[in-house]
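*Asks:* Contents of work.txt (compact mmCIF, C-alpha atoms) are given next:
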# COMPACT_ATOMS: atom_id res chain seq x y z
CA MET H 482 67.72 12.70 59.32
CA SER H 483 67.76 10.40 62.27
CA LYS H 484 65.76 7.21 62.37
CA SER H 485 63.56 8.47 65.25
CA VAL H 486 62.60 11.61 63.31
CA LYS H 487 61.59 9.49 60.30
CA ILE H 488 59.37 7.35 62.51
CA VAL H 489 57.63 10.44 63.93
CA ILE H 490 56.97 11.86 60.42
CA ILE H 491 55.56 8.54 59.15
CA SER H 492 53.30 8.29 62.22
CA LEU H 493 51.94 11.80 61.62
CA MET H 494 51.25 10.96 57.96
CA VAL H 495 49.34 7.83 58.98
CA VAL H 496 47.24 9.84 61.45
CA ILE H 497 46.44 12.52 58.86
CA LEU H 498 45.51 9.89 56.28
CA GLY H 499 43.20 8.21 58.80
CA VAL H 500 41.46 11.49 59.57
CA LEU H 501 40.90 12.17 55.84
CA ILE H 502 39.45 8.68 55.30
CA GLY H 503 37.08 9.17 58.26
CA VAL H 504 35.84 12.49 56.90
CA CYS H 505 35.16 10.93 53.48
CA ILE H 506 33.22 8.05 55.02
CA LYS H 507 31.10 10.47 57.10
CA LEU H 508 30.29 12.60 54.04
CA ASN H 509 29.22 9.56 52.00
CA SER H 510 27.11 8.33 54.89
CA GLY H 511 25.31 11.69 55.07
CA LYS H 512 24.47 11.52 51.36
CA THR H 513 22.93 8.08 51.76
CA THR H 514 20.75 9.25 54.63
CA ASN H 515 19.42 12.16 52.58
CA ASN H 516 18.47 9.84 49.70
CA ASN H 517 16.49 7.58 52.02
CA SER H 518 14.66 10.58 53.45
CA THR H 519 13.62 11.74 49.98
CA ASN H 520 12.30 8.30 49.09
CA ASP H 521 10.25 8.13 52.28
CA ASN H 522 8.71 11.54 51.65
CA GLY H 523 8.03 10.72 48.05
CA ASN H 524 6.19 7.54 48.96
CA GLN H 525 4.20 8.65 51.99
CA ASN H 526 0.92 9.12 50.06
CA GLY H 527 -0.05 5.70 48.74
CA ASN H 528 3.36 4.97 47.16
CA VAL H 529 3.02 7.97 44.87
CA LEU H 530 6.09 9.57 43.31
CA ASP H 531 7.01 12.99 44.67
CA ASP H 532 6.02 15.32 41.82
CA GLN H 533 6.16 18.66 43.60
CA ASN H 534 7.79 20.29 40.57
CA ASN H 535 5.07 19.11 38.21
CA PRO H 536 2.52 21.94 37.84
CA THR H 537 -0.23 19.55 36.70
CA THR H 538 -0.07 17.47 39.89
CA TYR H 539 -2.28 18.51 42.80
CA ASP H 540 -1.44 18.12 46.47
CA ILE H 541 -4.71 18.77 48.31
CA THR H 542 -6.85 17.16 50.98
CA TYR H 543 -9.45 15.90 48.51
CA VAL H 544 -10.09 15.50 44.81
CA LYS H 545 -11.57 18.44 42.91
CA VAL H 546 -13.34 17.44 39.71
CA ASP H 547 -13.94 19.66 36.69
CA VAL H 548 -17.14 18.00 35.46
CA LYS H 549 -17.10 19.92 32.16
CA ASN H 550 -13.87 18.18 31.17
CA LEU H 551 -14.50 14.90 32.99
CA LYS H 552 -13.91 11.86 30.79
CA VAL H 553 -16.78 9.40 31.28
CA SER H 554 -16.83 5.88 29.83
CA LYS H 555 -18.41 2.48 30.32
CA LYS H 556 -16.28 -0.05 32.17
CA LYS H 557 -17.79 -2.73 29.98
CA SER H 558 -20.16 -2.79 27.03
CA ASP H 559 -23.06 -5.18 27.57
CA ASP H 560 -26.84 -5.05 27.40
CA LEU H 561 -27.31 -3.86 30.99
CA THR H 562 -24.61 -1.18 30.99
CA ASN H 563 -25.61 0.11 27.56
CA LYS H 564 -29.09 0.94 28.87
CA ILE H 565 -27.82 3.20 31.65
CA ASP H 566 -28.11 6.92 30.88
CA ILE H 567 -25.86 9.38 32.69
CA ILE H 568 -28.04 12.49 32.61
CA GLN H 569 -25.87 14.95 34.55
CA ILE H 570 -22.86 15.01 36.86
CA PHE H 571 -22.18 17.58 39.59
CA PHE H 572 -19.23 18.38 41.84
CA HIS H 573 -19.80 20.14 45.16
CA ASP H 574 -17.62 20.89 48.17
CA ASN H 575 -18.88 19.14 51.30
CA GLU H 576 -18.40 21.73 54.06
CA ILE H 577 -19.37 19.38 56.90
CA LEU H 578 -16.89 16.62 56.00
CA ASP H 579 -14.26 19.00 54.57
CA SER H 580 -14.30 16.98 51.39
CA GLY H 581 -15.62 17.01 47.86
CA GLU H 582 -18.49 15.01 46.43
CA LEU H 583 -19.26 13.86 42.92
CA GLN H 584 -23.01 13.48 42.36
CA ILE H 585 -24.25 11.42 39.42
CA TYR H 586 -27.83 11.64 38.17
CA GLY H 587 -28.89 8.92 35.77
CA LYS H 588 -31.56 6.49 34.71
CA ASN H 589 -31.78 2.71 34.49
CA ASN H 590 -33.62 2.04 31.21
CA ASN H 591 -33.46 -1.73 31.71
CA SER H 592 -36.64 -3.71 32.34
CA VAL H 593 -34.83 -5.34 35.28
CA PRO H 594 -33.11 -3.89 38.37
CA VAL H 595 -29.34 -3.46 38.18
CA ASP H 596 -26.41 -3.11 40.55
CA TYR H 597 -24.96 0.17 39.31
CA LYS H 598 -21.34 1.03 40.13
CA ALA H 599 -19.42 4.24 39.43
CA GLU H 600 -15.68 4.59 39.90
CA LEU H 601 -13.46 7.68 39.73
CA ILE H 602 -9.94 6.57 38.76
CA LEU H 603 -6.93 8.72 39.68
CA TYR H 604 -3.73 8.66 37.60
CA ASP H 605 -0.20 9.96 38.12
CA LYS H 606 1.60 12.05 35.47
CA ASP H 607 2.81 8.91 33.71
CA GLY H 608 -0.70 7.52 33.33
CA TYR H 609 -0.48 4.89 36.06
CA VAL H 610 -3.48 4.25 38.31
CA ILE H 611 -2.68 5.37 41.86
CA ASP H 612 -6.10 5.32 43.51
CA TYR H 613 -9.80 4.95 42.82
CA ILE H 614 -13.02 6.00 44.54
CA SER H 615 -16.19 4.01 43.97
CA SER H 616 -19.82 3.80 44.99
CA SER H 617 -22.64 1.45 44.06
CA LYS H 618 -26.41 1.23 44.33
CA ILE H 619 -29.10 -1.26 43.37
CA VAL H 620 -31.45 0.67 41.07
CA LEU H 621 -35.03 -0.32 40.29
CA ALA H 622 -36.06 -1.15 36.72
CA ASN H 623 -36.92 1.91 34.60
CA HIS H 624 -36.13 4.28 37.48
CA GLU H 625 -33.99 7.37 37.82
CA PHE H 626 -31.30 7.52 40.49
CA ALA H 627 -28.69 9.71 42.16
CA ILE H 628 -25.45 8.36 43.58
CA SER H 629 -22.58 10.15 45.33
CA LEU H 630 -18.82 9.55 45.51
CA ASN H 631 -16.97 10.96 48.52
CA LEU H 632 -13.71 12.35 47.12
CA SER H 633 -11.59 12.19 50.26
CA SER H 634 -8.47 10.68 48.65
CA THR H 635 -5.28 12.63 49.46
CA VAL H 636 -2.93 11.09 46.87
CA LYS H 637 -1.10 13.39 44.47
CA TYR H 638 -2.86 12.88 41.16
CA ALA H 639 -2.36 14.37 37.71
CA SER H 640 -5.60 13.34 36.01
CA TYR H 641 -8.81 11.41 36.55
CA ALA H 642 -11.60 9.64 34.67
CA LEU H 643 -15.01 8.21 35.54
CA GLU H 644 -16.09 4.67 34.62
CA TYR H 645 -19.39 2.95 35.29
CA GLU H 646 -21.08 -0.40 34.82
CA ALA H 647 -24.35 -2.20 35.56
CA ASN H 648 -24.55 -5.79 36.76
CA LYS H 649 -27.35 -8.28 37.21
CA VAL H 650 -29.16 -8.40 40.55
CA ASN H 651 -29.55 -11.97 41.78
CA SER H 652 -32.85 -13.61 42.61
CA GLU H 653 -32.38 -13.27 46.39
CA TYR H 654 -33.50 -9.63 46.11
CA ILE H 655 -37.23 -8.84 46.14
CA MET H 656 -37.72 -5.42 44.60
CA PHE H 657 -40.44 -2.92 45.56
CA ASN H 658 -41.19 -0.59 42.64
CA ASP H 659 -44.24 1.19 43.99
CA ILE H 660 -43.17 2.68 47.32
CA LYS H 661 -44.09 6.36 47.27
CA HIS H 662 -43.21 9.22 49.57
CA THR H 663 -46.18 10.83 51.29
CA SER H 664 -44.59 14.23 51.86
CA ALA H 665 -41.37 16.20 51.38
CA GLU H 666 -40.40 19.59 52.72
CA ALA H 667 -37.25 21.64 53.21
CA ASP H 668 -36.20 22.59 56.73
CA ASP H 669 -34.55 25.85 57.82
CA TYR H 670 -31.19 24.58 56.55
CA ASN H 671 -32.57 23.48 53.16
CA ASN H 672 -32.30 19.78 54.02
CA ILE H 673 -35.20 17.89 52.44
CA LEU H 674 -37.23 15.83 54.92
CA ILE H 675 -39.09 12.92 53.31
CA LYS H 676 -41.86 10.79 54.79
CA PHE H 677 -42.93 7.48 53.26
CA LYS H 678 -44.93 4.40 54.11
CA ASN H 679 -44.01 0.78 53.48
CA THR H 680 -47.01 -0.45 51.49
CA ALA H 681 -45.36 -3.79 50.73
CA SER H 682 -46.03 -7.03 52.59
CA GLU H 683 -42.32 -7.54 53.37
CA VAL H 684 -39.78 -5.65 55.43
CA ILE H 685 -37.82 -3.16 53.34
CA ASP H 686 -34.20 -3.99 54.04
CA SER H 687 -32.94 -1.01 52.04
CA ILE H 688 -34.65 2.00 50.47
CA SER H 689 -33.16 5.06 48.80
CA PHE H 690 -34.86 8.22 47.57
CA SER H 691 -33.08 10.70 45.33
CA CYS H 692 -33.55 14.47 45.57
CA LEU H 693 -33.06 16.51 42.39
CA LEU H 694 -32.31 20.17 43.07
CA TYR H 695 -33.34 22.99 40.74
CA LYS H 696 -32.71 26.72 40.53
CA ASP H 697 -35.43 28.48 38.55
CA GLY H 698 -36.11 25.28 36.61
CA GLU H 699 -32.46 24.39 35.96
CA LEU H 700 -31.05 21.21 37.52
CA VAL H 701 -28.12 22.24 39.76
CA GLY H 702 -27.50 19.26 42.04
CA ALA H 703 -28.61 15.92 43.41
CA SER H 704 -28.59 14.08 46.70
CA SER H 705 -29.88 10.77 48.05
CA THR H 706 -31.12 9.10 51.22
CA PHE H 707 -30.85 5.67 52.81
CA ASN H 708 -33.09 3.78 55.23
CA SER H 709 -33.18 0.16 56.36
CA GLY H 710 -35.43 -2.19 58.30
CA VAL H 711 -38.77 -0.53 57.54
CA ARG H 712 -41.60 -2.89 58.53
CA PRO H 713 -44.86 -3.39 56.59
CA SER H 714 -47.35 -0.53 57.11
CA GLU H 715 -44.69 1.46 58.98
CA THR H 716 -44.26 5.17 58.22
CA ALA H 717 -40.63 6.33 58.23
CA GLU H 718 -38.62 9.47 57.61
CA SER H 719 -35.56 10.06 55.47
CA THR H 720 -33.43 13.13 54.73
CA CYS H 721 -31.46 14.49 51.78
CA TYR H 722 -28.76 16.49 53.57
CA THR H 723 -28.35 19.25 51.01
CA SER H 724 -27.07 21.73 53.61
CA TYR H 725 -23.66 20.00 53.36
CA TYR H 726 -23.07 21.72 50.01
CA LYS H 727 -23.08 25.25 48.64
CA ILE H 728 -26.03 24.64 46.32
CA ASP H 729 -28.40 27.50 45.59
CA PHE H 730 -31.76 25.91 44.76
CA ASN H 731 -35.40 26.91 45.11
CA GLN H 732 -37.16 23.78 43.83
CA TYR H 733 -36.69 20.05 44.29
CA LYS H 734 -38.06 16.74 43.09
CA VAL H 735 -38.07 13.48 45.07
CA ILE H 736 -37.88 10.14 43.25
CA LEU H 737 -37.63 6.53 44.44
CA SER H 738 -34.39 4.90 43.24
CA SER H 739 -34.11 1.68 45.21
CA ALA H 740 -36.20 -0.48 47.55
CA TYR H 741 -35.73 -4.16 48.25
CA ASN H 742 -35.84 -7.08 50.64
CA TYR H 743 -32.87 -9.44 50.71
CA THR H 744 -34.16 -12.96 51.28
CA ASN H 745 -30.85 -14.56 52.33
CA GLU H 746 -31.42 -14.48 56.10
CA THR H 747 -27.88 -15.56 57.00
CA SER H 748 -26.38 -12.48 55.34
CA LYS H 749 -28.73 -9.81 56.67
CA TRP H 750 -27.42 -7.03 58.87
Turn this file's structure into structure tokens for me.

*Replies:*
Amino acid sequence: MSKSVKIVIISLMVVILGVLIGVCIKLNSGKTTNNNSTNDNGNQNGNVLDDQNNPTTYDITYVKVDVKNLKVSKKKSDDLTNKIDIIQIFFHDNEILDSGELQIYGKNNNSVPVDYKAELILYDKDGYVIDYISSSKIVLANHEFAISLNLSSTVKYASYALEYEANKVNSEYIMFNDIKHTSAEADDYNNILIKFKNTASEVIDSISFSCLLYKDGELVGASSTFNSGVRPSETAESTCYTSYYKIDFNQYKVILSSAYNYTNETSKW
């Protein structure tokens, strides 16, 4: 074999080897790209692992709570928290907001007002906390209350639990225990319209009534209102928007849950 033929053969072998190396590099590069894509998709909802093959993990637009199997516990055990009674808990779909709502009906048995806080904690399949939804309300001494949690979280969760606590209200709050509603009636959409008068000598910075909903004497739901800046002797209106939910009720009860003036002028809204 001549020297020139040998050179041609060696050159062809080098070219073929180069092509094979290039193909291998391209294939490896494609695998790396796919891995990155999976990680991005798996972490797009609050850094939650992608558990699409786990049948106990839900991928929905909001949290749905089975109240019959809901685990409820105190976040801490102290004198104030121990005197909070959770009477009943409801879950309802909120058609207006396309969300779910957890409604808690309870009573503050303390002789002092408390800052009540409820928190729904969401866990992944390994038991790690991935999100939480909370709501709080200042509740008058020895008063019943209703509080709602908007369950709009879209993380993929495997389980959930409810915790609550009660904290001391500082002396900058002046509480009004005796504000009463003067009338309450349901409109054509079953929203409950409440009228009340500020009989206190101070402006009411915040006031909340709770509406308890009954069907033939059985408690089936709860809702609450909020008003602010009600002047002394002023008559105001407030509404429990019960038409947001699919609640069949034919009776209701209105109770005062919270009313106060916050004396720290620099922090007022």

*Asks:* For a quick check of understanding, using only C-alpha atoms, which of H:Asp547, H:Tyr641, H:Ser629, H:Glu646 has the smallest distance to Lys564 (chain H)?

*Replies:*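 With only C-alpha atoms as the atom set, the closest residue is H:Glu646.
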
*Asks:* What separation in Å, quoted to one decimal, exists between CA of Asn648 (chain H) and CA of Pro594 (chain H)?

*Replies:* 8.9 Å

*Asks:* Separation of CA of Asn671 (chain H) and CA of Ile577 (chain H), in Å?

*Replies:*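 Answer for the CA of Asn671 (chain H) to CA of Ile577 (chain H) separation: 14.3 Å.
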
*Asks:* For a quick check of understanding, using only C-alpha atoms, which of H:Lys676, H:Glu600, H:Glu683, H:Ala647 has the smallest distance to Lys661 (chain H)?

*Replies:*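 Checking each candidate against Lys661 (chain H), we get H:Lys676 as the closest.
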
*Asks:* Can you pull out the residues contacting Asp612 (chain H)? Cut-off 9 Å, using only C-alpha atoms, and skip same-chain residues under 5 positions away; I want them as a list in words.

*Replies:*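 Here the qualifying residues turn out to be Gly527, Leu601, Ile602, Leu603, Tyr604, Ser634, Val636 and Tyr638 of chain H.
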
*Asks:* Between H:Ile660, H:Ala717, H:Ile736, H:Leu674, which one has atoms that come closest to Tyr586 (chain H), using only C-alpha atoms?

*Replies:*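 Going through H:Ile660, H:Ala717, H:Ile736, H:Leu674 one by one, the smallest distance to Tyr586 (chain H) is for H:Ile736.
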
*Asks:* Near Val595 (chain H), counting all atoms listed in the file, which residues have an atom at most 7 Å away, once you skip same-chain residues fewer than 4 positions from it, shown as a PyMOL selection string?

*Replies:* chain H and resi 619-621+647-650

*Asks:* Report, in Å with one decimal, the straight-line distance from CA of Ala622 (chain H) to CA of Val701 (chain H).

*Replies:*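 Between CA of Ala622 (chain H) and CA of Val701 (chain H) the gap works out to 24.9 Å.
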
*Asks:* Given all atoms listed in the file as the basis, pick out the residue of H:Tyr725, H:Lys618, H:Lys557, H:Asn590 nearest to Asn672 (chain H).

*Replies:*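 Using all atoms listed in the file, the shortest distance to Asn672 (chain H) belongs to H:Tyr725.
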
*Asks:* H:Asn575, H:Ser580, H:Asn589, H:Asn658: which is nearest Lys727 (chain H), counting all atoms listed in the file?

*Replies:*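 Under the stated criterion, the closest residue is H:Asn575.
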
*Asks:* Asn651 (chain H): which residues within 12 Å, counting all atoms listed in the file, same-chain residues fewer than 5 positions away excluded, as a PDB file with C-alpha atoms, in the frame of the given file?

*Replies:*
ATOM      1  CA  VAL H 593     -34.830  -5.340  35.280  1.00  0.00           C
ATOM      2  CA  PRO H 594     -33.110  -3.890  38.370  1.00  0.00           C
ATOM      3  CA  VAL H 595     -29.340  -3.460  38.180  1.00  0.00           C
ATOM      4  CA  ASP H 596     -26.410  -3.110  40.550  1.00  0.00           C
ATOM      5  CA  ILE H 619     -29.100  -1.260  43.370  1.00  0.00           C
ATOM      6  CA  MET H 656     -37.720  -5.420  44.600  1.00  0.00           C
ATOM      7  CA  TYR H 741     -35.730  -4.160  48.250  1.00  0.00           C
ATOM      8  CA  ASN H 742     -35.840  -7.080  50.640  1.00  0.00           C
ATOM      9  CA  TYR H 743     -32.870  -9.440  50.710  1.00  0.00           C
ATOM     10  CA  THR H 744     -34.160 -12.960  51.280  1.00  0.00           C
ATOM     11  CA  ASN H 745     -30.850 -14.560  52.330  1.00  0.00           C
TER      12      ASN H 745
END

*Asks:* Would you mind telling me which residue in H:Val546, H:Ala667, H:Thr706, H:Asp686 lies nearest to Asn731 (chain H) when using only C-alpha atoms?

*Replies:*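 For Asn731 (chain H), the nearest of the candidates is H:Ala667.
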
*Asks:* Any idea what's packed within 7 Å of Val544 (chain H), counting only C-alpha atoms, ignoring anything in its chain fewer than 4 positions away? Could you give it as a count of residues only?

*Replies:* 4
